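Structure file coords09.cif with mmCIF, N, CA, C and O atoms:
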data_final
loop_
_atom_site.label_atom_id
_atom_site.label_comp_id
_atom_site.auth_asym_id
_atom_site.auth_seq_id
_atom_site.Cartn_x
_atom_site.Cartn_y
_atom_site.Cartn_z
N MET F 16 0.84 -1.18 0.00
CA MET F 16 0.00 0.00 0.00
C MET F 16 0.88 1.25 0.00
O MET F 16 1.82 1.36 0.78
N ALA F 17 0.61 2.16 -0.89
CA ALA F 17 1.38 3.39 -0.99
C ALA F 17 1.04 4.32 0.18
O ALA F 17 -0.10 4.38 0.64
N ILE F 18 2.03 5.05 0.63
CA ILE F 18 1.85 6.01 1.71
C ILE F 18 1.36 7.33 1.10
O ILE F 18 1.94 7.81 0.14
N THR F 19 0.32 7.89 1.67
CA THR F 19 -0.21 9.16 1.17
C THR F 19 0.39 10.33 1.95
O THR F 19 0.92 10.16 3.05
N ALA F 20 0.29 11.50 1.39
CA ALA F 20 0.77 12.71 2.07
C ALA F 20 0.00 12.92 3.38
O ALA F 20 0.57 13.35 4.39
N ARG F 21 -1.28 12.59 3.38
CA ARG F 21 -2.10 12.72 4.60
C ARG F 21 -1.57 11.80 5.70
O ARG F 21 -1.47 12.18 6.86
N GLU F 22 -1.22 10.56 5.33
CA GLU F 22 -0.68 9.60 6.30
C GLU F 22 0.64 10.09 6.89
O GLU F 22 0.89 9.95 8.08
N ILE F 23 1.47 10.71 6.07
CA ILE F 23 2.73 11.27 6.58
C ILE F 23 2.44 12.34 7.62
O ILE F 23 3.06 12.39 8.68
N GLY F 24 1.46 13.21 7.34
CA GLY F 24 1.08 14.25 8.31
C GLY F 24 0.60 13.67 9.62
O GLY F 24 0.94 14.17 10.70
N ILE F 25 -0.17 12.59 9.56
CA ILE F 25 -0.67 11.93 10.78
C ILE F 25 0.48 11.30 11.56
O ILE F 25 0.58 11.43 12.77
N ARG F 26 1.38 10.61 10.85
CA ARG F 26 2.48 9.92 11.52
C ARG F 26 3.43 10.86 12.24
O ARG F 26 4.04 10.49 13.23
N PHE F 27 3.60 12.07 11.73
CA PHE F 27 4.59 12.97 12.30
C PHE F 27 3.99 14.08 13.16
O PHE F 27 4.67 15.02 13.54
N ALA F 28 2.73 13.95 13.53
CA ALA F 28 2.14 14.90 14.49
C ALA F 28 2.69 14.59 15.87
O ALA F 28 2.69 13.44 16.30
N PRO F 29 3.22 15.58 16.59
CA PRO F 29 3.80 15.30 17.90
C PRO F 29 2.74 14.97 18.95
O PRO F 29 1.65 15.52 18.92
N PRO F 30 3.06 14.05 19.86
CA PRO F 30 2.12 13.76 20.94
C PRO F 30 2.01 14.94 21.90
O PRO F 30 2.91 15.78 21.97
N ARG F 31 0.94 15.00 22.66
CA ARG F 31 0.70 16.13 23.56
C ARG F 31 1.32 15.89 24.93
O ARG F 31 1.13 14.83 25.52
N THR F 32 2.08 16.86 25.39
CA THR F 32 2.56 16.90 26.78
C THR F 32 2.37 18.35 27.22
O THR F 32 1.37 18.95 26.89
N ASP F 33 3.35 18.94 27.90
CA ASP F 33 3.22 20.35 28.29
C ASP F 33 3.64 21.25 27.12
O ASP F 33 4.28 20.82 26.16
N ASP F 34 3.28 22.51 27.20
CA ASP F 34 3.50 23.44 26.09
C ASP F 34 4.97 23.60 25.72
O ASP F 34 5.30 23.70 24.53
N ARG F 35 5.86 23.64 26.69
CA ARG F 35 7.29 23.85 26.39
C ARG F 35 7.86 22.65 25.64
O ARG F 35 8.59 22.81 24.67
N ARG F 36 7.52 21.45 26.08
CA ARG F 36 8.01 20.26 25.38
C ARG F 36 7.32 20.10 24.02
O ARG F 36 7.94 19.66 23.06
N ASN F 37 6.04 20.46 23.95
CA ASN F 37 5.33 20.39 22.68
C ASN F 37 6.01 21.26 21.62
O ASN F 37 6.10 20.87 20.46
N ALA F 38 6.49 22.42 22.01
CA ALA F 38 7.14 23.32 21.05
C ALA F 38 8.42 22.68 20.50
O ALA F 38 8.69 22.75 19.30
N ILE F 39 9.18 22.04 21.37
CA ILE F 39 10.41 21.37 20.94
C ILE F 39 10.08 20.20 20.02
O ILE F 39 10.67 20.03 18.96
N LYS F 40 9.10 19.39 20.43
CA LYS F 40 8.74 18.23 19.63
C LYS F 40 8.10 18.63 18.30
O LYS F 40 8.27 17.94 17.30
N ALA F 41 7.41 19.76 18.27
CA ALA F 41 6.82 20.24 17.02
C ALA F 41 7.92 20.60 16.02
O ALA F 41 7.78 20.33 14.82
N GLN F 42 9.02 21.18 16.50
CA GLN F 42 10.14 21.50 15.62
C GLN F 42 10.75 20.22 15.04
O GLN F 42 11.04 20.15 13.84
N ILE F 43 10.95 19.23 15.89
CA ILE F 43 11.50 17.95 15.44
C ILE F 43 10.57 17.31 14.41
O ILE F 43 11.00 16.86 13.35
N SER F 44 9.27 17.29 14.72
CA SER F 44 8.29 16.68 13.82
C SER F 44 8.23 17.41 12.48
O SER F 44 8.10 16.76 11.43
N ALA F 45 8.32 18.72 12.50
CA ALA F 45 8.23 19.49 11.26
C ALA F 45 9.39 19.15 10.32
O ALA F 45 9.19 18.96 9.12
N LYS F 46 10.60 19.08 10.87
CA LYS F 46 11.76 18.75 10.04
C LYS F 46 11.68 17.30 9.54
O LYS F 46 12.02 17.01 8.40
N ALA F 47 11.21 16.39 10.40
CA ALA F 47 11.07 15.00 9.99
C ALA F 47 10.01 14.85 8.91
O ALA F 47 10.19 14.09 7.95
N GLU F 48 8.91 15.59 9.05
CA GLU F 48 7.86 15.53 8.03
C GLU F 48 8.39 16.05 6.70
O GLU F 48 8.10 15.49 5.64
N GLU F 49 9.21 17.09 6.77
CA GLU F 49 9.82 17.63 5.55
C GLU F 49 10.67 16.56 4.86
O GLU F 49 10.59 16.37 3.64
N LEU F 50 11.47 15.84 5.64
CA LEU F 50 12.29 14.76 5.08
C LEU F 50 11.42 13.64 4.53
O LEU F 50 11.67 13.14 3.43
N ALA F 51 10.38 13.26 5.25
CA ALA F 51 9.50 12.18 4.79
C ALA F 51 8.80 12.57 3.49
O ALA F 51 8.67 11.74 2.58
N ARG F 52 8.38 13.81 3.38
CA ARG F 52 7.74 14.27 2.15
C ARG F 52 8.73 14.27 0.98
O ARG F 52 8.39 13.93 -0.16
N LEU F 53 9.99 14.65 1.25
CA LEU F 53 11.02 14.61 0.22
C LEU F 53 11.26 13.18 -0.26
O LEU F 53 11.35 12.92 -1.47
N ILE F 54 11.35 12.25 0.68
CA ILE F 54 11.51 10.84 0.33
C ILE F 54 10.33 10.39 -0.52
O ILE F 54 10.50 9.74 -1.56
N HIS F 55 9.12 10.74 -0.08
CA HIS F 55 7.91 10.36 -0.81
C HIS F 55 7.91 10.91 -2.23
O HIS F 55 7.48 10.25 -3.19
N GLU F 56 8.42 12.12 -2.37
CA GLU F 56 8.45 12.78 -3.68
C GLU F 56 9.51 12.19 -4.61
O GLU F 56 9.27 12.02 -5.80
N LEU F 57 10.68 11.85 -4.07
CA LEU F 57 11.81 11.47 -4.91
C LEU F 57 12.01 9.97 -5.09
O LEU F 57 12.59 9.54 -6.09
N VAL F 58 11.57 9.18 -4.12
CA VAL F 58 11.79 7.73 -4.19
C VAL F 58 10.55 7.08 -4.78
O VAL F 58 9.44 7.34 -4.32
N PRO F 59 10.72 6.24 -5.79
CA PRO F 59 9.56 5.56 -6.36
C PRO F 59 8.80 4.76 -5.30
O PRO F 59 9.42 4.23 -4.35
N ALA F 60 7.48 4.69 -5.44
CA ALA F 60 6.64 3.95 -4.50
C ALA F 60 7.16 2.51 -4.43
O ALA F 60 7.16 1.80 -5.44
N SER F 61 7.63 2.12 -3.26
CA SER F 61 8.25 0.82 -3.11
C SER F 61 8.40 0.48 -1.63
O SER F 61 8.12 1.30 -0.76
N ARG F 62 8.86 -0.73 -1.40
CA ARG F 62 9.16 -1.15 -0.03
C ARG F 62 10.24 -0.25 0.56
O ARG F 62 10.20 0.12 1.73
N GLU F 63 11.23 0.10 -0.27
CA GLU F 63 12.32 0.96 0.20
C GLU F 63 11.82 2.33 0.64
O GLU F 63 12.28 2.87 1.65
N GLU F 64 10.86 2.87 -0.10
CA GLU F 64 10.28 4.15 0.29
C GLU F 64 9.60 4.02 1.65
O GLU F 64 9.80 4.84 2.55
N SER F 65 8.81 2.96 1.81
CA SER F 65 8.11 2.74 3.08
C SER F 65 9.09 2.55 4.23
O SER F 65 8.89 3.11 5.32
N GLU F 66 10.16 1.80 4.00
CA GLU F 66 11.16 1.57 5.04
C GLU F 66 11.88 2.87 5.42
O GLU F 66 12.15 3.12 6.59
N ALA F 67 12.19 3.69 4.43
CA ALA F 67 12.87 4.96 4.70
C ALA F 67 11.99 5.88 5.54
O ALA F 67 12.44 6.49 6.52
N ILE F 68 10.71 5.96 5.19
CA ILE F 68 9.80 6.81 5.95
C ILE F 68 9.59 6.24 7.34
O ILE F 68 9.54 6.99 8.33
N PHE F 69 9.52 4.92 7.46
CA PHE F 69 9.38 4.29 8.78
C PHE F 69 10.60 4.59 9.65
O PHE F 69 10.47 4.85 10.85
N ALA F 70 11.80 4.59 9.06
CA ALA F 70 13.02 4.90 9.83
C ALA F 70 12.98 6.33 10.35
O ALA F 70 13.38 6.60 11.49
N VAL F 71 12.49 7.26 9.54
CA VAL F 71 12.36 8.65 9.99
C VAL F 71 11.35 8.71 11.14
O VAL F 71 11.57 9.40 12.14
N GLU F 72 10.25 7.98 11.00
CA GLU F 72 9.23 7.93 12.05
C GLU F 72 9.82 7.41 13.36
O GLU F 72 9.55 7.95 14.44
N GLN F 73 10.63 6.36 13.28
CA GLN F 73 11.25 5.81 14.48
C GLN F 73 12.22 6.81 15.11
O GLN F 73 12.29 6.93 16.34
N ALA F 74 12.96 7.53 14.29
CA ALA F 74 13.88 8.55 14.81
C ALA F 74 13.12 9.63 15.57
O ALA F 74 13.54 10.08 16.65
N VAL F 75 11.98 10.06 15.02
CA VAL F 75 11.15 11.07 15.69
C VAL F 75 10.63 10.52 17.01
O VAL F 75 10.65 11.22 18.04
N HIS F 76 10.19 9.28 17.01
CA HIS F 76 9.68 8.67 18.24
C HIS F 76 10.76 8.68 19.32
O HIS F 76 10.49 9.05 20.48
N GLN F 77 11.96 8.29 18.98
CA GLN F 77 13.05 8.28 19.96
C GLN F 77 13.39 9.69 20.44
O GLN F 77 13.63 9.91 21.62
N ALA F 78 13.40 10.64 19.51
CA ALA F 78 13.69 12.02 19.89
C ALA F 78 12.62 12.57 20.83
O ALA F 78 12.93 13.21 21.84
N HIS F 79 11.35 12.30 20.52
CA HIS F 79 10.26 12.74 21.39
C HIS F 79 10.37 12.10 22.77
O HIS F 79 10.16 12.77 23.79
N SER F 80 10.71 10.82 22.80
CA SER F 80 10.88 10.14 24.09
C SER F 80 12.01 10.79 24.88
O SER F 80 11.91 10.96 26.09
N GLY F 81 13.09 11.14 24.19
CA GLY F 81 14.21 11.80 24.86
C GLY F 81 13.80 13.14 25.45
O GLY F 81 14.19 13.49 26.57
N VAL F 82 13.00 13.90 24.72
CA VAL F 82 12.52 15.19 25.22
C VAL F 82 11.63 14.96 26.44
O VAL F 82 11.76 15.62 27.47
N ASP F 83 10.71 14.00 26.34
CA ASP F 83 9.79 13.73 27.44
C ASP F 83 10.50 13.19 28.68
O ASP F 83 10.18 13.56 29.80
N ARG F 84 11.47 12.33 28.47
CA ARG F 84 12.10 11.63 29.60
C ARG F 84 13.32 12.33 30.16
O ARG F 84 13.62 12.23 31.34
N ARG F 85 14.09 13.00 29.32
CA ARG F 85 15.40 13.49 29.75
C ARG F 85 15.53 15.00 29.87
O ARG F 85 16.40 15.48 30.59
N LEU F 86 14.70 15.75 29.16
CA LEU F 86 14.85 17.20 29.16
C LEU F 86 14.38 17.78 30.49
O LEU F 86 13.25 17.57 30.92
N VAL F 87 15.28 18.50 31.14
CA VAL F 87 14.94 19.19 32.38
C VAL F 87 14.91 20.68 32.05
O VAL F 87 15.93 21.27 31.72
N LEU F 88 13.73 21.25 32.12
CA LEU F 88 13.55 22.66 31.79
C LEU F 88 13.81 23.53 33.01
O LEU F 88 13.73 23.06 34.15
N PRO F 89 14.13 24.81 32.80
CA PRO F 89 14.35 25.72 33.92
C PRO F 89 13.14 25.70 34.88
O PRO F 89 12.00 25.73 34.45
N GLY F 90 13.43 25.60 36.15
CA GLY F 90 12.37 25.57 37.16
C GLY F 90 11.93 24.17 37.55
O GLY F 90 11.17 24.01 38.49
N GLU F 91 12.38 23.17 36.81
CA GLU F 91 12.03 21.79 37.14
C GLU F 91 13.15 21.16 37.96
O GLU F 91 14.32 21.52 37.80
N LEU F 92 12.78 20.24 38.80
CA LEU F 92 13.78 19.50 39.56
C LEU F 92 14.19 18.27 38.77
O LEU F 92 13.36 17.59 38.18
N ARG F 93 15.47 17.97 38.77
CA ARG F 93 15.96 16.76 38.11
C ARG F 93 15.64 15.58 39.02
O ARG F 93 16.01 15.57 40.19
N PRO F 94 14.92 14.57 38.51
CA PRO F 94 14.59 13.42 39.35
C PRO F 94 15.86 12.66 39.74
O PRO F 94 16.78 12.52 38.93
N VAL F 95 15.91 12.21 40.97
CA VAL F 95 17.04 11.44 41.46
C VAL F 95 16.67 9.97 41.41
O VAL F 95 15.63 9.56 41.94
N ALA F 96 17.52 9.17 40.78
CA ALA F 96 17.25 7.73 40.68
C ALA F 96 17.43 7.10 42.06
O ALA F 96 18.39 7.38 42.77
N PRO F 97 16.51 6.23 42.45
CA PRO F 97 16.65 5.57 43.75
C PRO F 97 17.82 4.59 43.73
O PRO F 97 18.14 4.00 42.71
N VAL F 98 18.48 4.45 44.87
CA VAL F 98 19.57 3.49 45.00
C VAL F 98 19.00 2.24 45.67
O VAL F 98 18.46 2.31 46.76
N LEU F 99 19.10 1.14 44.97
CA LEU F 99 18.60 -0.12 45.53
C LEU F 99 19.63 -0.71 46.47
O LEU F 99 20.83 -0.49 46.32
N ALA F 100 19.17 -1.47 47.45
CA ALA F 100 20.06 -2.07 48.44
C ALA F 100 21.14 -2.91 47.78
O ALA F 100 22.30 -2.89 48.18
N ALA F 101 20.80 -3.65 46.75
CA ALA F 101 21.77 -4.51 46.07
C ALA F 101 22.84 -3.68 45.36
O ALA F 101 23.99 -4.10 45.24
N GLN F 102 22.50 -2.47 44.93
CA GLN F 102 23.45 -1.61 44.25
C GLN F 102 24.31 -0.82 45.23
O GLN F 102 25.40 -0.41 44.90
N ALA F 103 23.81 -0.63 46.44
CA ALA F 103 24.47 0.25 47.40
C ALA F 103 25.78 -0.33 47.91
O ALA F 103 26.70 0.40 48.25
N GLY F 104 25.90 -1.64 47.98
CA GLY F 104 27.11 -2.25 48.50
C GLY F 104 27.13 -2.26 50.01
O GLY F 104 26.14 -1.93 50.68
N PRO F 105 28.27 -2.65 50.62
CA PRO F 105 28.36 -2.72 52.08
C PRO F 105 28.33 -1.32 52.70
O PRO F 105 28.61 -0.34 52.02
N PRO F 106 27.97 -1.25 53.98
CA PRO F 106 27.96 0.05 54.67
C PRO F 106 29.34 0.71 54.59
O PRO F 106 30.35 0.04 54.45
N ALA F 107 29.37 2.02 54.71
CA ALA F 107 30.60 2.79 54.59
C ALA F 107 31.67 2.32 55.57
O ALA F 107 32.85 2.25 55.22
N ALA F 108 31.28 1.96 56.79
CA ALA F 108 32.25 1.53 57.79
C ALA F 108 33.00 0.27 57.32
O ALA F 108 34.20 0.14 57.50
N GLU F 109 32.28 -0.66 56.70
CA GLU F 109 32.91 -1.88 56.20
C GLU F 109 33.83 -1.58 55.02
O GLU F 109 34.89 -2.17 54.90
N ARG F 110 33.44 -0.66 54.15
CA ARG F 110 34.26 -0.33 52.99
C ARG F 110 35.56 0.34 53.41
O ARG F 110 36.58 0.21 52.75
N LEU F 111 35.54 1.04 54.52
CA LEU F 111 36.72 1.75 55.00
C LEU F 111 37.56 0.91 55.95
O LEU F 111 38.54 1.38 56.48
N GLY F 112 37.17 -0.32 56.21
CA GLY F 112 37.92 -1.21 57.05
C GLY F 112 37.59 -1.10 58.52
O GLY F 112 38.21 -1.73 59.37
N GLY F 113 36.59 -0.33 58.88
CA GLY F 113 36.19 -0.18 60.28
C GLY F 113 35.09 -1.15 60.65
O GLY F 113 34.63 -1.95 59.85
N ALA F 114 34.67 -1.14 61.90
CA ALA F 114 33.62 -1.94 62.51
C ALA F 114 33.33 -3.13 61.68
O ALA F 114 32.48 -3.73 61.34
#
Could you write out this file's structure as structure tokens?
Amino acid sequence: MAITAREIGIRFAPPRTDDRRNAIKAQISAKAEELARLIHELVPASREESEAIFAVEQAVHQAHSGVDRRLVLPGELRPVAPVLAAQAGPPAAERLGGA
């Protein structure tokens, strides 16, 4: 099945989060959509065209996830990863040769 221009627009619409992250993800999506449309225009309708557009879609997905999960905006607190007992190792006194 050939990919339509409408389908490309749907695939590259950014998911909704807060306004600041949406603005960043909208920029990423716009550039990716531009690339996908270029591929659609220049590459003959084929499996290779579909795979190329799918790869762009996957790149956008990963970039959006990175923005959602890793971007710390001004005024936000950076989450601290919990330390599990198994990761913590022996108490400090034992590591230093005491008690």
Legend entry - Residues near His55 of chain F, cut-off 10 Å, only C-alpha atoms, skip fewer than 3 positions along chain, as a PyMOL selection string: chain F and resi 17-20+23+49-52+58-61+64-65+67-68
Legend entry - d(atom O of Asp33 of chain F, atom N of Ala47 of chain F) in Å: 17.8 Å
Inset, instruction - Work out how far apart atom CA of Leu53 of chain F and atom CA of Arg26 of chain F are and give it in Å to one decimal. - result: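 Spanning atom CA of Leu53 of chain F to atom CA of Arg26 of chain F is a straight-line distance of 14.9 Å.
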Inset, instruction - Show which residues sit within 8 Å of segment 77-92 of chain F, as a PyMOL selection string. Count all atoms listed in the file, and ignore same-chain residues fewer than 4 positions away. - result: chain F and resi 29-30+32+36+39-40+43-44+70-73
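Pairwise distance (atom C of Ile54 of chain F, atom N of Ala38 of chain F) equals 25.8 Å.
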Legend entry - Proximity to Arg21 of chain F - best of F:Ala41, F:His76, F:Asp34, F:Glu48, only C-alpha atoms: F:Glu48
Legend entry - Selected residue, from F:Ala74, F:Glu63, F:Ala45, F:Asn37, that lies nearest to Gly24 of chain F when counting only C-alpha atoms: F:Ala45
